[in-house]
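Notes for the one structure printed next.
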Amino acid sequence: MLTTDLVRFKKLGKQITVLTAWDAISSSIVEASGADVVLVGDSLGMVVLGHATTLPVTLDQMLHHTQAVCRGFSNPVANQPLVVCDLPFLSYQCGEDKAVEAAGTLLKNSCASAVKLEGAEPETLLVIKRLIRMGIPVMGHLGLTPQSVHQLGYKSQARDKDSQDKIFKDSEKLQESGCFAIVVEHIPEEIARKLKRNLIVPVIGIGAGNDCDGQVRVTADILGLSVEQPPFAKPLFSGRELCIEALKKWIKSTNPNQENPTTKTSESIPDC
């Protein structure tokens with residue numbers, strides 16, 4: 001899968017499917033499901049590493065997990081999903097040179113073919129243009145941008161006219177800068193629909209309604225494995241509960257004569 005294939009899918013009206021992965025097991029499942037794109041998102045900081053936000057994730061951690069994701073694929077390279085890796089917080093906000101080095105490190109040492117970064121500030125646009133000139137494809141990200149959590153929170157974005165005007169202008173700037181696709185997160189469906197119609201590049205939605213060129217989901221969320229589910233990403237089934245129940249049955253089967261093998265009464269403890 002190539003980045004240019006996504007633009008072709010948009011022209012053909014084919015929905016683009018994007019799922020996250022964070023290790024070899026999750027990537028093998030996502031590949032087998034037939035997803036077009038595997039996103040190694042910095043959401044792994046919360047899903048896998050237990051952080052409260054994505055901000056603590058480092059470049060080394062992103063590389064480590066991207067390499068693991070790549071090892072999980074079994075199809076020939078030509079038939080594998082497109083791998084896009086998030087650039088973590090402070091890997092591209094501190095200048096073009098540092099951003100090129102960070103993105104180059106990910107692409108040079110893994111099977112990732114592109115990077116994703118958030119926002120469309122003037123400094124970010126300069127970074128995007130520089131990356132693309134260096135041969136590194138870039139996916140944009142607007143709306144709810146998790147790396148701006150301390151400024152924007154996790155609430156829905158583009159709710160008023162000023163912020164809606166801004167997201168239209170920002171999307172055009174990202175397209176003009178050379179982004180091959182743009183993720184829009186937690187924005188009103190009608191705004192995502194207009195973005196889809198106004199842009200040449202694909203608009204990939206999450207919590208942005210169904211009228212986008214494609215959808216992206218955090219795999220742990222869509223499988224119901226997350227402890228706290230985002231309000232805009234309903235699970236397909238209660239995966240967490242199913243797993244817990246299955247493991248409880250297995251544990252009970254290994255101790256058929258004990259109701260609770262982890263609990264011992266004082267009577268069962270021999271005198272010293």
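By order of appearance in the structure tokens: chains A, B, ..., then residues from 1 within every chain, and ligands from 1 in the order shown.
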| field | All helix (DSSP H, G or I) positions in range 160-234 of chain A, as a PyMOL selection string | value | chain A and resi 161-177+189-198+219-222
| task | Find the spatial neighbours of Thr53 in chain A, counting only C-alpha atoms, within a cut-off of 12 Å - ignore same-chain residues fewer than 6 positions away - and output them as a PyMOL selection string. | result | chain A and resi 42-47+88-89+145-150+153-154
| task | Considering only C-alpha atoms, return as a PyMOL selection string whatever protein or nucleic-acid residues lie within 6 Å of Val201 in chain A, sequence-local ones (same chain, fewer than 4 positions apart) excluded. | result | chain A and resi 7+180-181
| said: With DSSP run on the backbone, what are the strand (DSSP E) residues within range 49-242 of chain A? I'd like them as a ChimeraX atom specification. | reply: /A:82-86,114-116,138-143,181-185,203-206,214-217
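Using only C-alpha atoms, the smallest distance between any of A:Val30, A:Leu12, A:Ala68, A:Leu39 and Asn109 in chain A comes from A:Ala68.
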| request: Extract, using only C-alpha atoms, all DNA, RNA and protein residues at most 8 Å from Glu189 in chain A, discarding same-chain residues fewer than 6 positions from it, and format them as a PyMOL selection string. | output: chain A and resi 208-211
Please produce a file of those selected residues containing N, CA and C atoms, as a short mmCIF file (atom, residue, chain, number, x, y, z; two decimals), in the first residue's frame.
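Now in result_14.cif:
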data_model
loop_
_atom_site.label_atom_id
_atom_site.label_comp_id
_atom_site.auth_asym_id
_atom_site.auth_seq_id
_atom_site.Cartn_x
_atom_site.Cartn_y
_atom_site.Cartn_z
N ALA A 208 -16.15 11.95 13.89
CA ALA A 208 -16.49 13.05 12.97
C ALA A 208 -17.61 12.65 12.03
N GLY A 209 -18.40 11.66 12.42
CA GLY A 209 -19.49 11.20 11.59
C GLY A 209 -19.05 10.20 10.54
N ASN A 210 -20.01 9.72 9.77
CA ASN A 210 -19.75 8.67 8.79
C ASN A 210 -19.43 9.19 7.40
N ASP A 211 -19.67 10.48 7.15
CA ASP A 211 -19.48 11.02 5.80
C ASP A 211 -18.07 11.57 5.61
#
| Exercise: Ile167 in chain A partners within 9 Å, only C-alpha atoms, chain neighbours under 4 positions left out, as a ChimeraX atom specification | /A:142-143,158,162-163,171-172,191,195
Just-selected residues, N, CA and C atoms written as a PDB file, in the first residue's frame:
ATOM      1  N   LEU A 142      -6.208  17.328  12.527  1.00  0.00           N
ATOM      2  CA  LEU A 142      -6.892  18.523  13.015  1.00  0.00           C
ATOM      3  C   LEU A 142      -8.060  18.138  13.920  1.00  0.00           C
ATOM      4  N   GLY A 143      -8.638  19.158  14.566  1.00  0.00           N
ATOM      5  CA  GLY A 143      -9.743  18.930  15.490  1.00  0.00           C
ATOM      6  C   GLY A 143      -9.205  18.701  16.882  1.00  0.00           C
ATOM      7  N   ALA A 158     -14.298  22.562  16.944  1.00  0.00           N
ATOM      8  CA  ALA A 158     -14.995  23.177  15.803  1.00  0.00           C
ATOM      9  C   ALA A 158     -16.500  23.310  16.052  1.00  0.00           C
ATOM     10  N   ASP A 162     -16.011  30.653  14.428  1.00  0.00           N
ATOM     11  CA  ASP A 162     -14.600  31.015  14.329  1.00  0.00           C
ATOM     12  C   ASP A 162     -13.711  29.768  14.239  1.00  0.00           C
ATOM     13  N   SER A 163     -13.975  28.786  15.094  1.00  0.00           N
ATOM     14  CA  SER A 163     -13.149  27.583  15.083  1.00  0.00           C
ATOM     15  C   SER A 163     -13.429  26.743  13.829  1.00  0.00           C
ATOM     16  N   SER A 171      -7.084  23.085   7.097  1.00  0.00           N
ATOM     17  CA  SER A 171      -7.087  21.898   6.222  1.00  0.00           C
ATOM     18  C   SER A 171      -6.538  22.247   4.843  1.00  0.00           C
ATOM     19  N   GLU A 172      -6.880  23.423   4.349  1.00  0.00           N
ATOM     20  CA  GLU A 172      -6.358  23.852   3.055  1.00  0.00           C
ATOM     21  C   GLU A 172      -4.851  24.066   3.114  1.00  0.00           C
ATOM     22  N   ILE A 191     -19.247  19.471   9.478  1.00  0.00           N
ATOM     23  CA  ILE A 191     -17.957  20.106   9.171  1.00  0.00           C
ATOM     24  C   ILE A 191     -17.052  19.112   8.454  1.00  0.00           C
ATOM     25  N   LEU A 195     -15.410  19.378   4.676  1.00  0.00           N
ATOM     26  CA  LEU A 195     -13.979  19.199   4.453  1.00  0.00           C
ATOM     27  C   LEU A 195     -13.737  18.141   3.381  1.00  0.00           C
TER      28      LEU A 195
END
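Coordinates place CA of Lys108 in chain A at a distance of 17.7 Å from CA of Phe73 in chain A.
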| said: Set the distance at 8 Å and use only C-alpha atoms: which residues neighbour Ala114 in chain A once local chain neighbours fewer than 3 positions away are removed? I'd like the list as a VMD selection string. | reply: chain A and resid 3 83 to 85 107 136 to 139
| task | Fewer than 2 positions away in the same chain doesn't count, so skip those; otherwise give me all residues within 12 Å of Pro230 in chain A, counting only C-alpha atoms, as a PyMOL selection string. | result | chain A and resi 154-156+185-186+206-207+217-218+220-222+224-228+232-235
Prev. selection, N, CA and C atoms, output as a tab-separated table (two decimals), in the first residue's frame:
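Here's the written file out_26.tsv:
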chain	number	residue	atom	x	y	z
A	154	TYR	N	-9.99	17.24	26.05
A	154	TYR	CA	-10.45	16.15	25.19
A	154	TYR	C	-11.88	16.39	24.70
A	155	LYS	N	-12.32	17.63	24.69
A	155	LYS	CA	-13.69	17.94	24.30
A	155	LYS	C	-13.81	18.12	22.79
A	156	SER	N	-15.04	18.07	22.30
A	156	SER	CA	-15.31	18.24	20.88
A	156	SER	C	-14.83	19.60	20.39
A	185	GLU	N	-10.56	14.77	14.08
A	185	GLU	CA	-11.01	14.07	15.28
A	185	GLU	C	-12.00	14.89	16.09
A	186	HIS	N	-13.11	14.24	16.45
A	186	HIS	CA	-14.12	14.78	17.36
A	186	HIS	C	-14.60	16.17	16.94
A	206	ILE	N	-12.52	10.39	12.92
A	206	ILE	CA	-12.71	9.64	14.16
A	206	ILE	C	-13.56	10.53	15.07
A	207	GLY	N	-14.78	10.08	15.32
A	207	GLY	CA	-15.70	10.94	16.04
A	207	GLY	C	-16.11	12.14	15.21
A	217	ARG	N	-9.73	4.14	13.88
A	217	ARG	CA	-10.12	3.79	15.23
A	217	ARG	C	-8.92	3.23	15.99
A	218	VAL	N	-8.89	3.51	17.29
A	218	VAL	CA	-7.93	2.86	18.18
A	218	VAL	C	-8.44	1.43	18.37
A	220	ALA	N	-7.90	-0.98	20.40
A	220	ALA	CA	-8.32	-1.37	21.74
A	220	ALA	C	-9.72	-0.84	22.06
A	221	ASP	N	-10.04	0.34	21.54
A	221	ASP	CA	-11.36	0.92	21.77
A	221	ASP	C	-12.44	0.16	21.00
A	222	ILE	N	-12.19	-0.10	19.73
A	222	ILE	CA	-13.22	-0.73	18.90
A	222	ILE	C	-13.48	-2.18	19.32
A	224	GLY	N	-13.41	-3.01	22.46
A	224	GLY	CA	-13.96	-2.95	23.82
A	224	GLY	C	-12.97	-3.36	24.89
A	225	LEU	N	-11.67	-3.18	24.63
A	225	LEU	CA	-10.64	-3.59	25.58
A	225	LEU	C	-10.24	-2.46	26.54
A	226	SER	N	-10.55	-1.23	26.18
A	226	SER	CA	-10.13	-0.09	26.98
A	226	SER	C	-10.96	0.02	28.25
A	227	VAL	N	-10.31	0.43	29.33
A	227	VAL	CA	-11.02	0.63	30.60
A	227	VAL	C	-12.03	1.76	30.46
A	228	GLU	N	-11.61	2.86	29.81
A	228	GLU	CA	-12.50	3.99	29.57
A	228	GLU	C	-12.65	4.18	28.07
A	232	PHE	N	-16.99	8.95	21.43
A	232	PHE	CA	-17.21	8.95	19.99
A	232	PHE	C	-16.70	7.68	19.32
A	233	ALA	N	-16.25	6.70	20.09
A	233	ALA	CA	-15.72	5.46	19.52
A	233	ALA	C	-16.34	4.28	20.25
A	234	LYS	N	-17.56	3.93	19.87
A	234	LYS	CA	-18.26	2.83	20.53
A	234	LYS	C	-17.66	1.49	20.13
A	235	PRO	N	-17.49	0.59	21.10
A	235	PRO	CA	-16.91	-0.72	20.79
A	235	PRO	C	-17.88	-1.60	20.02
